[in-house]
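File shown: query_4.csv. Contents: CSV, N, CA and C atoms.
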```csv
chain,number,residue,atom,x,y,z
T,203,MET,N,81.3,-54.9,185.2
T,203,MET,CA,80.7,-53.6,185.0
T,203,MET,C,81.3,-52.5,185.8
T,204,SER,N,81.8,-52.9,187.0
T,204,SER,CA,82.5,-51.9,187.9
T,204,SER,C,83.7,-51.4,187.2
T,205,ALA,N,84.5,-52.3,186.6
T,205,ALA,CA,85.7,-51.9,185.9
T,205,ALA,C,85.4,-50.9,184.7
T,206,TYR,N,84.3,-51.2,184.0
T,206,TYR,CA,83.9,-50.3,182.9
T,206,TYR,C,83.5,-49.0,183.5
T,207,LYS,N,82.7,-49.0,184.6
T,207,LYS,CA,82.1,-47.7,185.1
T,207,LYS,C,83.2,-46.9,185.7
T,208,TYR,N,84.1,-47.5,186.4
T,208,TYR,CA,85.1,-46.7,187.2
T,208,TYR,C,86.5,-46.8,186.6
T,209,GLY,N,86.7,-47.5,185.5
T,209,GLY,CA,88.0,-47.7,184.9
T,209,GLY,C,88.5,-46.4,184.2
T,210,TYR,N,89.8,-46.3,184.2
T,210,TYR,CA,90.5,-45.2,183.5
T,210,TYR,C,91.4,-45.8,182.6
T,211,TYR,N,91.7,-45.2,181.5
T,211,TYR,CA,92.6,-45.8,180.5
T,211,TYR,C,93.2,-44.7,179.7
T,212,ASP,N,94.3,-45.0,179.0
T,212,ASP,CA,95.0,-44.1,178.2
T,212,ASP,C,94.4,-44.1,176.8
T,213,PRO,N,93.8,-43.0,176.4
T,213,PRO,CA,93.0,-43.0,175.1
T,213,PRO,C,93.9,-43.3,173.9
T,214,ARG,N,95.2,-43.0,174.0
T,214,ARG,CA,96.1,-43.3,172.8
T,214,ARG,C,96.2,-44.8,172.8
T,215,GLN,N,96.4,-45.5,173.9
T,215,GLN,CA,96.5,-47.0,173.9
T,215,GLN,C,95.2,-47.6,173.5
T,216,PHE,N,94.1,-47.0,173.8
T,216,PHE,CA,92.8,-47.5,173.4
T,216,PHE,C,92.7,-47.5,171.9
T,217,VAL,N,93.0,-46.4,171.3
T,217,VAL,CA,93.0,-46.2,169.8
T,217,VAL,C,93.9,-47.2,169.2
T,218,GLU,N,95.1,-47.4,169.7
T,218,GLU,CA,96.0,-48.4,169.1
T,218,GLU,C,95.4,-49.8,169.2
T,219,LEU,N,94.8,-50.1,170.4
T,219,LEU,CA,94.2,-51.5,170.6
T,219,LEU,C,93.1,-51.7,169.6
T,220,VAL,N,92.2,-50.7,169.5
T,220,VAL,CA,91.1,-50.9,168.5
T,220,VAL,C,91.6,-51.0,167.1
T,221,SER,N,92.6,-50.2,166.7
T,221,SER,CA,93.2,-50.3,165.4
T,221,SER,C,93.7,-51.7,165.1
T,222,ARG,N,94.5,-52.2,166.1
T,222,ARG,CA,95.1,-53.6,165.9
T,222,ARG,C,94.0,-54.6,165.8
T,223,LEU,N,93.0,-54.5,166.7
T,223,LEU,CA,91.9,-55.5,166.6
T,223,LEU,C,91.1,-55.4,165.4
T,224,THR,N,90.9,-54.2,164.8
T,224,THR,CA,90.2,-54.0,163.6
T,224,THR,C,90.9,-54.7,162.4
T,225,GLN,N,92.3,-54.6,162.5
T,225,GLN,CA,93.1,-55.2,161.4
T,225,GLN,C,93.0,-56.8,161.6
T,226,GLU,N,93.0,-57.3,162.8
T,226,GLU,CA,92.9,-58.7,163.0
T,226,GLU,C,91.5,-59.3,162.7
T,227,ARG,N,90.5,-58.6,163.1
T,227,ARG,CA,89.1,-59.1,163.0
T,227,ARG,C,88.3,-58.6,161.9
T,228,GLY,N,88.8,-57.6,161.2
T,228,GLY,CA,88.0,-57.0,160.0
T,228,GLY,C,87.4,-55.7,160.4
T,229,PRO,N,86.9,-55.0,159.3
T,229,PRO,CA,86.3,-53.7,159.5
T,229,PRO,C,85.0,-53.6,160.3
T,230,ASP,N,84.4,-54.7,160.5
T,230,ASP,CA,83.1,-54.7,161.2
T,230,ASP,C,83.4,-54.7,162.7
T,231,PHE,N,84.6,-54.9,163.2
T,231,PHE,CA,84.9,-54.9,164.6
T,231,PHE,C,84.5,-53.6,165.2
T,232,ASP,N,83.8,-53.6,166.3
T,232,ASP,CA,83.3,-52.4,167.0
T,232,ASP,C,83.2,-52.6,168.5
T,233,VAL,N,83.5,-51.6,169.2
T,233,VAL,CA,83.5,-51.6,170.7
T,233,VAL,C,82.3,-50.8,171.2
T,234,SER,N,81.4,-50.4,170.4
T,234,SER,CA,80.3,-49.5,170.9
T,234,SER,C,79.0,-50.2,171.3
T,235,CYS,N,79.1,-51.5,171.6
T,235,CYS,CA,77.9,-52.2,172.1
T,235,CYS,C,78.0,-52.2,173.6
T,236,LEU,N,77.0,-51.7,174.3
T,236,LEU,CA,77.1,-51.5,175.8
T,236,LEU,C,76.0,-52.2,176.5
T,237,PHE,N,76.3,-52.6,177.7
T,237,PHE,CA,75.3,-53.3,178.6
T,237,PHE,C,75.4,-52.6,179.9
T,238,ASN,N,74.2,-52.2,180.4
T,238,ASN,CA,74.2,-51.4,181.6
T,238,ASN,C,73.2,-52.1,182.6
T,239,ASP,N,73.7,-52.9,183.5
T,239,ASP,CA,72.9,-53.7,184.4
T,239,ASP,C,72.7,-52.8,185.7
T,240,ARG,N,71.5,-52.3,185.8
T,240,ARG,CA,71.2,-51.3,186.9
T,240,ARG,C,70.3,-51.9,188.0
T,241,ARG,N,70.2,-53.3,188.0
T,241,ARG,CA,69.3,-53.9,189.0
T,241,ARG,C,69.9,-53.5,190.4
T,242,ASP,N,69.0,-53.4,191.3
T,242,ASP,CA,69.3,-53.0,192.7
T,242,ASP,C,69.6,-54.2,193.5
T,243,GLU,N,70.9,-54.6,193.6
T,243,GLU,CA,71.3,-55.7,194.5
T,243,GLU,C,71.7,-55.1,195.8
T,244,ARG,N,71.0,-55.6,196.8
T,244,ARG,CA,71.2,-55.1,198.2
T,244,ARG,C,71.8,-56.2,199.0
T,245,PRO,N,73.1,-56.1,199.3
T,245,PRO,CA,73.7,-57.1,200.2
T,245,PRO,C,73.0,-57.2,201.6
T,246,GLY,N,72.8,-58.4,202.1
T,246,GLY,CA,72.2,-58.5,203.4
T,246,GLY,C,70.7,-58.6,203.3
T,247,GLN,N,70.1,-58.3,202.2
T,247,GLN,CA,68.7,-58.4,202.0
T,247,GLN,C,68.3,-59.9,201.7
T,248,PRO,N,67.3,-60.4,202.4
T,248,PRO,CA,66.9,-61.8,202.1
T,248,PRO,C,66.5,-61.9,200.6
T,249,ALA,N,66.9,-63.0,200.0
T,249,ALA,CA,66.5,-63.3,198.6
T,249,ALA,C,65.1,-63.6,198.5
T,250,ALA,N,64.4,-63.2,197.5
T,250,ALA,CA,63.0,-63.6,197.3
T,250,ALA,C,62.9,-65.0,196.9
T,251,ALA,N,61.8,-65.6,197.3
T,251,ALA,CA,61.6,-67.0,197.0
T,251,ALA,C,61.6,-67.2,195.4
T,252,PRO,N,62.2,-68.3,194.9
T,252,PRO,CA,62.2,-68.5,193.5
T,252,PRO,C,60.7,-68.6,192.9
T,253,ALA,N,60.5,-68.0,191.8
T,253,ALA,CA,59.2,-68.0,191.1
T,253,ALA,C,58.9,-69.4,190.6
T,254,THR,N,57.7,-69.8,190.6
T,254,THR,CA,57.3,-71.1,190.1
T,254,THR,C,57.2,-71.0,188.6
T,255,ARG,N,57.2,-72.2,188.0
T,255,ARG,CA,57.0,-72.3,186.5
T,255,ARG,C,55.8,-71.5,186.0
T,256,GLN,N,54.7,-71.7,186.8
T,256,GLN,CA,53.5,-71.0,186.4
T,256,GLN,C,53.6,-69.5,186.5
T,257,GLU,N,54.3,-69.0,187.6
T,257,GLU,CA,54.5,-67.6,187.8
T,257,GLU,C,55.4,-67.0,186.7
T,258,LEU,N,56.4,-67.7,186.3
T,258,LEU,CA,57.3,-67.2,185.3
T,258,LEU,C,56.6,-67.1,183.9
T,259,HIS,N,55.8,-68.2,183.6
T,259,HIS,CA,55.1,-68.2,182.3
T,259,HIS,C,54.0,-67.1,182.3
T,260,ALA,N,53.4,-66.9,183.4
T,260,ALA,CA,52.3,-65.8,183.5
T,260,ALA,C,53.0,-64.5,183.3
T,261,ALA,N,54.1,-64.3,184.0
T,261,ALA,CA,54.8,-63.0,183.8
T,261,ALA,C,55.3,-62.8,182.4
T,262,ARG,N,55.8,-63.8,181.8
T,262,ARG,CA,56.2,-63.7,180.4
T,262,ARG,C,55.0,-63.3,179.5
T,263,ASP,N,53.8,-63.9,179.7
T,263,ASP,CA,52.6,-63.7,178.9
T,263,ASP,C,52.1,-62.3,179.2
T,264,GLU,N,52.4,-61.7,180.3
T,264,GLU,CA,51.9,-60.3,180.6
T,264,GLU,C,52.9,-59.3,180.2
T,265,ALA,N,54.1,-59.7,179.9
T,265,ALA,CA,55.1,-58.7,179.6
T,265,ALA,C,54.7,-57.9,178.3
T,266,THR,N,55.1,-56.7,178.2
T,266,THR,CA,54.8,-55.8,177.1
T,266,THR,C,56.1,-55.4,176.4
T,267,PHE,N,55.9,-55.1,175.1
T,267,PHE,CA,57.0,-54.5,174.3
T,267,PHE,C,56.4,-53.3,173.7
T,268,ARG,N,57.1,-52.2,173.8
T,268,ARG,CA,56.6,-50.9,173.2
T,268,ARG,C,57.8,-50.1,172.7
T,269,TRP,N,57.5,-49.4,171.6
T,269,TRP,CA,58.5,-48.5,171.1
T,269,TRP,C,58.4,-47.2,171.9
T,270,VAL,N,59.5,-46.7,172.4
T,270,VAL,CA,59.5,-45.5,173.3
T,270,VAL,C,59.8,-44.2,172.5
T,271,GLU,N,60.8,-44.3,171.7
T,271,GLU,CA,61.2,-43.1,171.0
T,271,GLU,C,62.1,-43.4,169.8
T,272,LYS,N,62.1,-42.5,168.8
T,272,LYS,CA,62.9,-42.6,167.7
T,272,LYS,C,63.7,-41.3,167.6
T,273,THR,N,65.0,-41.4,167.2
T,273,THR,CA,65.8,-40.2,167.1
T,273,THR,C,66.7,-40.3,165.9
T,274,ASP,N,67.1,-39.2,165.4
T,274,ASP,CA,68.1,-39.1,164.4
T,274,ASP,C,69.5,-38.8,164.9
T,275,GLN,N,69.5,-38.7,166.3
T,275,GLN,CA,70.8,-38.5,166.9
T,275,GLN,C,71.7,-39.7,166.9
T,276,PRO,N,73.0,-39.6,166.7
T,276,PRO,CA,73.9,-40.7,166.6
T,276,PRO,C,73.8,-41.5,168.0
T,277,SER,N,74.0,-42.8,167.9
T,277,SER,CA,74.0,-43.6,169.1
T,277,SER,C,75.0,-44.7,169.0
T,278,GLU,N,75.2,-45.4,170.0
T,278,GLU,CA,76.1,-46.5,170.0
T,278,GLU,C,75.4,-47.5,169.0
T,279,ARG,N,76.2,-48.5,168.5
T,279,ARG,CA,75.6,-49.5,167.7
T,279,ARG,C,74.5,-50.2,168.4
T,280,MET,N,74.7,-50.5,169.7
T,280,MET,CA,73.6,-51.1,170.5
T,280,MET,C,73.9,-50.8,172.0
T,281,PHE,N,72.9,-50.4,172.7
T,281,PHE,CA,72.9,-50.2,174.2
T,281,PHE,C,71.8,-50.9,174.8
T,282,LEU,N,72.1,-51.8,175.8
T,282,LEU,CA,71.1,-52.5,176.5
T,282,LEU,C,71.1,-52.2,177.9
T,283,SER,N,70.0,-51.8,178.5
T,283,SER,CA,70.0,-51.6,180.0
T,283,SER,C,68.9,-52.5,180.6
T,284,VAL,N,69.2,-52.9,181.9
T,284,VAL,CA,68.3,-53.7,182.7
T,284,VAL,C,68.2,-53.0,184.0
T,285,GLU,N,66.9,-52.6,184.4
T,285,GLU,CA,66.7,-51.9,185.6
T,285,GLU,C,65.6,-52.5,186.4
T,286,ASP,N,65.7,-52.4,187.7
T,286,ASP,CA,64.6,-52.9,188.6
T,286,ASP,C,63.5,-51.9,188.6
T,287,GLU,N,62.3,-52.4,188.5
T,287,GLU,CA,61.1,-51.6,188.6
T,287,GLU,C,60.2,-52.3,189.6
T,288,PRO,N,59.2,-51.6,190.2
T,288,PRO,CA,58.3,-52.3,191.2
T,288,PRO,C,57.6,-53.5,190.6
T,289,GLU,N,57.3,-53.5,189.3
T,289,GLU,CA,56.5,-54.6,188.7
T,289,GLU,C,57.5,-55.7,188.1
T,290,GLY,N,58.8,-55.5,188.1
T,290,GLY,CA,59.7,-56.5,187.6
T,290,GLY,C,60.9,-55.7,187.0
T,291,LEU,N,61.5,-56.4,186.0
T,291,LEU,CA,62.6,-55.8,185.3
T,291,LEU,C,62.2,-55.0,184.1
T,292,LEU,N,62.9,-53.9,183.9
T,292,LEU,CA,62.6,-53.1,182.7
T,292,LEU,C,63.9,-53.2,181.8
T,293,VAL,N,63.7,-53.8,180.6
T,293,VAL,CA,64.8,-54.0,179.7
T,293,VAL,C,64.7,-52.9,178.6
T,294,GLY,N,65.7,-52.1,178.5
T,294,GLY,CA,65.7,-51.1,177.5
T,294,GLY,C,66.8,-51.4,176.4
T,295,LEU,N,66.4,-51.1,175.2
T,295,LEU,CA,67.3,-51.4,174.1
T,295,LEU,C,67.3,-50.2,173.1
T,296,ALA,N,68.5,-49.7,172.8
T,296,ALA,CA,68.6,-48.6,171.9
T,296,ALA,C,69.7,-49.1,170.9
T,297,ALA,N,69.5,-48.8,169.6
T,297,ALA,CA,70.5,-49.3,168.6
T,297,ALA,C,70.4,-48.4,167.4
T,298,ASP,N,71.6,-48.4,166.7
T,298,ASP,CA,71.6,-47.7,165.4
T,298,ASP,C,71.0,-48.6,164.4
T,299,THR,N,70.0,-48.2,163.8
T,299,THR,CA,69.2,-49.2,162.9
T,299,THR,C,70.0,-49.4,161.6
T,300,HIS,N,71.1,-48.7,161.3
T,300,HIS,CA,71.9,-49.1,160.2
T,300,HIS,C,72.6,-50.4,160.5
T,301,PHE,N,72.8,-50.8,161.7
T,301,PHE,CA,73.5,-52.0,162.1
T,301,PHE,C,72.6,-53.0,162.7
T,302,PHE,N,71.5,-52.6,163.3
T,302,PHE,CA,70.6,-53.5,164.0
T,302,PHE,C,69.1,-53.1,163.6
T,303,PRO,N,68.6,-53.8,162.6
T,303,PRO,CA,67.3,-53.5,162.1
T,303,PRO,C,66.2,-53.5,163.2
T,304,PRO,N,65.2,-52.6,163.1
T,304,PRO,CA,64.1,-52.6,164.1
T,304,PRO,C,63.4,-53.9,164.2
T,305,ALA,N,63.3,-54.6,163.1
T,305,ALA,CA,62.5,-55.9,163.2
T,305,ALA,C,63.2,-56.9,164.1
T,306,HIS,N,64.5,-56.7,164.4
T,306,HIS,CA,65.2,-57.6,165.3
T,306,HIS,C,65.0,-57.3,166.8
T,307,PHE,N,64.6,-56.1,167.1
T,307,PHE,CA,64.5,-55.6,168.5
T,307,PHE,C,63.6,-56.5,169.3
T,308,LYS,N,62.4,-56.7,168.9
T,308,LYS,CA,61.4,-57.5,169.7
T,308,LYS,C,61.9,-58.9,169.8
T,309,ALA,N,62.4,-59.5,168.8
T,309,ALA,CA,62.9,-60.9,168.8
T,309,ALA,C,64.1,-61.0,169.8
T,310,LEU,N,65.0,-60.0,169.8
T,310,LEU,CA,66.1,-60.1,170.8
T,310,LEU,C,65.6,-60.0,172.2
T,311,VAL,N,64.7,-59.1,172.5
T,311,VAL,CA,64.2,-58.9,173.9
T,311,VAL,C,63.4,-60.2,174.3
T,312,ARG,N,62.5,-60.7,173.4
T,312,ARG,CA,61.8,-61.9,173.8
T,312,ARG,C,62.7,-63.1,173.9
T,313,GLY,N,63.7,-63.1,173.1
T,313,GLY,CA,64.7,-64.2,173.3
T,313,GLY,C,65.4,-64.2,174.6
T,314,MET,N,65.8,-63.0,175.0
T,314,MET,CA,66.4,-62.8,176.3
T,314,MET,C,65.5,-63.3,177.4
T,315,GLN,N,64.3,-62.9,177.3
T,315,GLN,CA,63.2,-63.3,178.3
T,315,GLN,C,63.1,-64.8,178.3
T,316,ASP,N,63.1,-65.5,177.2
T,316,ASP,CA,63.0,-67.0,177.1
T,316,ASP,C,64.2,-67.6,177.7
T,317,VAL,N,65.4,-67.1,177.5
T,317,VAL,CA,66.6,-67.6,178.1
T,317,VAL,C,66.6,-67.5,179.6
T,318,ALA,N,66.2,-66.3,180.1
T,318,ALA,CA,66.1,-66.1,181.5
T,318,ALA,C,65.1,-67.1,182.2
T,319,ILE,N,64.0,-67.3,181.6
T,319,ILE,CA,63.0,-68.2,182.1
T,319,ILE,C,63.6,-69.6,182.1
T,320,GLU,N,64.2,-70.0,181.0
T,320,GLU,CA,64.7,-71.4,180.9
T,320,GLU,C,65.8,-71.6,182.0
T,321,ALA,N,66.7,-70.6,182.2
T,321,ALA,CA,67.7,-70.7,183.2
T,321,ALA,C,67.1,-70.7,184.6
T,322,ALA,N,66.1,-70.0,184.8
T,322,ALA,CA,65.5,-70.0,186.1
T,322,ALA,C,64.8,-71.3,186.5
T,323,LEU,N,64.3,-72.0,185.4
T,323,LEU,CA,63.6,-73.3,185.6
T,323,LEU,C,64.6,-74.5,185.6
T,324,ASP,N,65.7,-74.3,185.0
T,324,ASP,CA,66.7,-75.4,184.8
T,324,ASP,C,68.1,-74.9,184.9
T,325,PRO,N,68.7,-75.1,186.1
T,325,PRO,CA,70.1,-74.5,186.3
T,325,PRO,C,71.1,-75.1,185.3
T,326,THR,N,70.8,-76.2,184.6
T,326,THR,CA,71.7,-76.8,183.6
T,326,THR,C,71.4,-76.3,182.2
T,327,ALA,N,70.5,-75.4,182.1
T,327,ALA,CA,70.1,-74.9,180.7
T,327,ALA,C,71.3,-74.3,180.0
T,328,PRO,N,71.4,-74.5,178.7
T,328,PRO,CA,72.6,-74.1,178.0
T,328,PRO,C,72.6,-72.6,177.7
T,329,THR,N,72.7,-71.7,178.7
T,329,THR,CA,72.7,-70.3,178.5
T,329,THR,C,74.0,-69.7,178.2
T,330,LYS,N,75.1,-70.5,178.4
T,330,LYS,CA,76.4,-70.1,178.3
T,330,LYS,C,76.8,-69.0,179.3
T,331,VAL,N,76.1,-68.9,180.3
T,331,VAL,CA,76.4,-67.9,181.4
T,331,VAL,C,77.0,-68.8,182.5
T,332,ALA,N,78.3,-68.4,182.8
T,332,ALA,CA,79.0,-69.2,183.9
T,332,ALA,C,78.7,-68.7,185.3
T,333,SER,N,78.6,-69.6,186.2
T,333,SER,CA,78.4,-69.2,187.6
T,333,SER,C,79.6,-68.5,188.1
T,334,THR,N,79.4,-67.4,188.9
T,334,THR,CA,80.5,-66.7,189.5
T,334,THR,C,80.6,-67.0,191.0
T,335,GLY,N,79.8,-67.7,191.5
T,335,GLY,CA,79.8,-67.9,193.0
T,335,GLY,C,79.5,-69.3,193.3
```
Give the structure from the file, written as structure tokens.
Amino acid sequence: MSAYKYGYYDPRQFVELVSRLTQERGPDFDVSCLFNDRRDERPGQPAAAPATRQELHAARDEATFRWVEKTDQPSERMFLSVEDEPEGLLVGLAADTHFFPPAHFKALVRGMQDVAIEAALDPTAPTKVASTG
């Protein structure tokens, strides 16, 4: 994420790269899906105790899904943000509904929630997320 946030690139080379990859992968190739992890990680802060199975399932059952806004303004094909909030994580999803139907929004967010809970309860869960440390 730091490389994306602070990275600089030659726009002409970027256009050439996207053009080449579009030829290789087909016309549906797109680089406009974005992920913005804005959780507040504070080095040196003690880690919170892991949540219990009951706490995780209770939090899942209390989680809410709501539509915030609709716009006719162009957007990326999909933009996902994750932010710390006092009550927990706030996951935001915006998408161009020509590519990502609204009926899929809730299923995607709930699926992410289920994967996170499974991974928290079982470190060997098949999340396909590799450990970096």
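Atom C of T:His300 is positioned 12.8 Å from atom C of T:Asp274.
Each of T:Ala253, T:Leu292, T:Leu282, T:Ala305 was checked against T:Ala321 using only C-alpha atoms; the smallest atom-to-atom distance is that of T:Ala253.
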Problem - Distance query T:Ala296 at most 10 Å, only C-alpha atoms, self and fewer than 5 positions along chain excluded, as a ChimeraX atom specification - result: /T:235-236,270-272,277-283,302,304,307
Handout entry: Counting only C-alpha atoms, the option among T:Ala261, T:Gln275, T:Arg312, T:Leu323 closest to T:Ala297
Key = T:Gln275
Find the residues with any atom within 12 Å of (65.1, -64.4, 180.2); use only C-alpha atoms and the coordinates as given in the file, and write the answer as a compact mmCIF listing (two decimals) with N, CA and C atoms, in the frame of the given file.
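This is the output file out_30.txt:
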```
# COMPACT_ATOMS: atom_id res chain seq x y z
N LEU T 258 56.40 -67.70 186.30
CA LEU T 258 57.30 -67.20 185.30
C LEU T 258 56.60 -67.10 183.90
N HIS T 259 55.80 -68.20 183.60
CA HIS T 259 55.10 -68.20 182.30
C HIS T 259 54.00 -67.10 182.30
N ALA T 261 54.10 -64.30 184.00
CA ALA T 261 54.80 -63.00 183.80
C ALA T 261 55.30 -62.80 182.40
N ARG T 262 55.80 -63.80 181.80
CA ARG T 262 56.20 -63.70 180.40
C ARG T 262 55.00 -63.30 179.50
N ALA T 265 54.10 -59.70 179.90
CA ALA T 265 55.10 -58.70 179.60
C ALA T 265 54.70 -57.90 178.30
N VAL T 284 69.20 -52.90 181.90
CA VAL T 284 68.30 -53.70 182.70
C VAL T 284 68.20 -53.00 184.00
N LEU T 291 61.50 -56.40 186.00
CA LEU T 291 62.60 -55.80 185.30
C LEU T 291 62.20 -55.00 184.10
N LEU T 292 62.90 -53.90 183.90
CA LEU T 292 62.60 -53.10 182.70
C LEU T 292 63.90 -53.20 181.80
N VAL T 293 63.70 -53.80 180.60
CA VAL T 293 64.80 -54.00 179.70
C VAL T 293 64.70 -52.90 178.60
N LEU T 310 65.00 -60.00 169.80
CA LEU T 310 66.10 -60.10 170.80
C LEU T 310 65.60 -60.00 172.20
N VAL T 311 64.70 -59.10 172.50
CA VAL T 311 64.20 -58.90 173.90
C VAL T 311 63.40 -60.20 174.30
N ARG T 312 62.50 -60.70 173.40
CA ARG T 312 61.80 -61.90 173.80
C ARG T 312 62.70 -63.10 173.90
N GLY T 313 63.70 -63.10 173.10
CA GLY T 313 64.70 -64.20 173.30
C GLY T 313 65.40 -64.20 174.60
N MET T 314 65.80 -63.00 175.00
CA MET T 314 66.40 -62.80 176.30
C MET T 314 65.50 -63.30 177.40
N GLN T 315 64.30 -62.90 177.30
CA GLN T 315 63.20 -63.30 178.30
C GLN T 315 63.10 -64.80 178.30
N ASP T 316 63.10 -65.50 177.20
CA ASP T 316 63.00 -67.00 177.10
C ASP T 316 64.20 -67.60 177.70
N VAL T 317 65.40 -67.10 177.50
CA VAL T 317 66.60 -67.60 178.10
C VAL T 317 66.60 -67.50 179.60
N ALA T 318 66.20 -66.30 180.10
CA ALA T 318 66.10 -66.10 181.50
C ALA T 318 65.10 -67.10 182.20
N ILE T 319 64.00 -67.30 181.60
CA ILE T 319 63.00 -68.20 182.10
C ILE T 319 63.60 -69.60 182.10
N GLU T 320 64.20 -70.00 181.00
CA GLU T 320 64.70 -71.40 180.90
C GLU T 320 65.80 -71.60 182.00
N ALA T 321 66.70 -70.60 182.20
CA ALA T 321 67.70 -70.70 183.20
C ALA T 321 67.10 -70.70 184.60
N ALA T 322 66.10 -70.00 184.80
CA ALA T 322 65.50 -70.00 186.10
C ALA T 322 64.80 -71.30 186.50
N LEU T 323 64.30 -72.00 185.40
CA LEU T 323 63.60 -73.30 185.60
C LEU T 323 64.60 -74.50 185.60
N ALA T 327 70.50 -75.40 182.10
CA ALA T 327 70.10 -74.90 180.70
C ALA T 327 71.30 -74.30 180.00
N THR T 329 72.70 -71.70 178.70
CA THR T 329 72.70 -70.30 178.50
C THR T 329 74.00 -69.70 178.20
N VAL T 331 76.10 -68.90 180.30
CA VAL T 331 76.40 -67.90 181.40
C VAL T 331 77.00 -68.80 182.50
```
Practice task
Could you tell me how far atom CA of T:Glu285 lies from atom CA of T:Lys308, in Å and to one decimal?
Solution key: 17.7 Å
Handout entry: atom CA of T:Phe231 to atom N of T:Thr273, distance in Å rounded to a single decimal
Key =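 Going from atom CA of T:Phe231 over to atom N of T:Thr273 covers 24.2 Å.
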Problem - Members of stretch 228-317 of chain T assigned strand (DSSP E or B) by DSSP, as a list in words - result: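 Taking stretch 228-317 of chain T and keeping strand (DSSP E or B) only, one gets Cys235, Leu236, Phe237, Asn238, Asp239, Arg240, Met280, Phe281, Leu282, Ser283, Val284, Glu285, Asp286, Glu287, Gly290, Leu291, Leu292, Val293, Gly294, Leu295, Ala296 and Ala297 of chain T.
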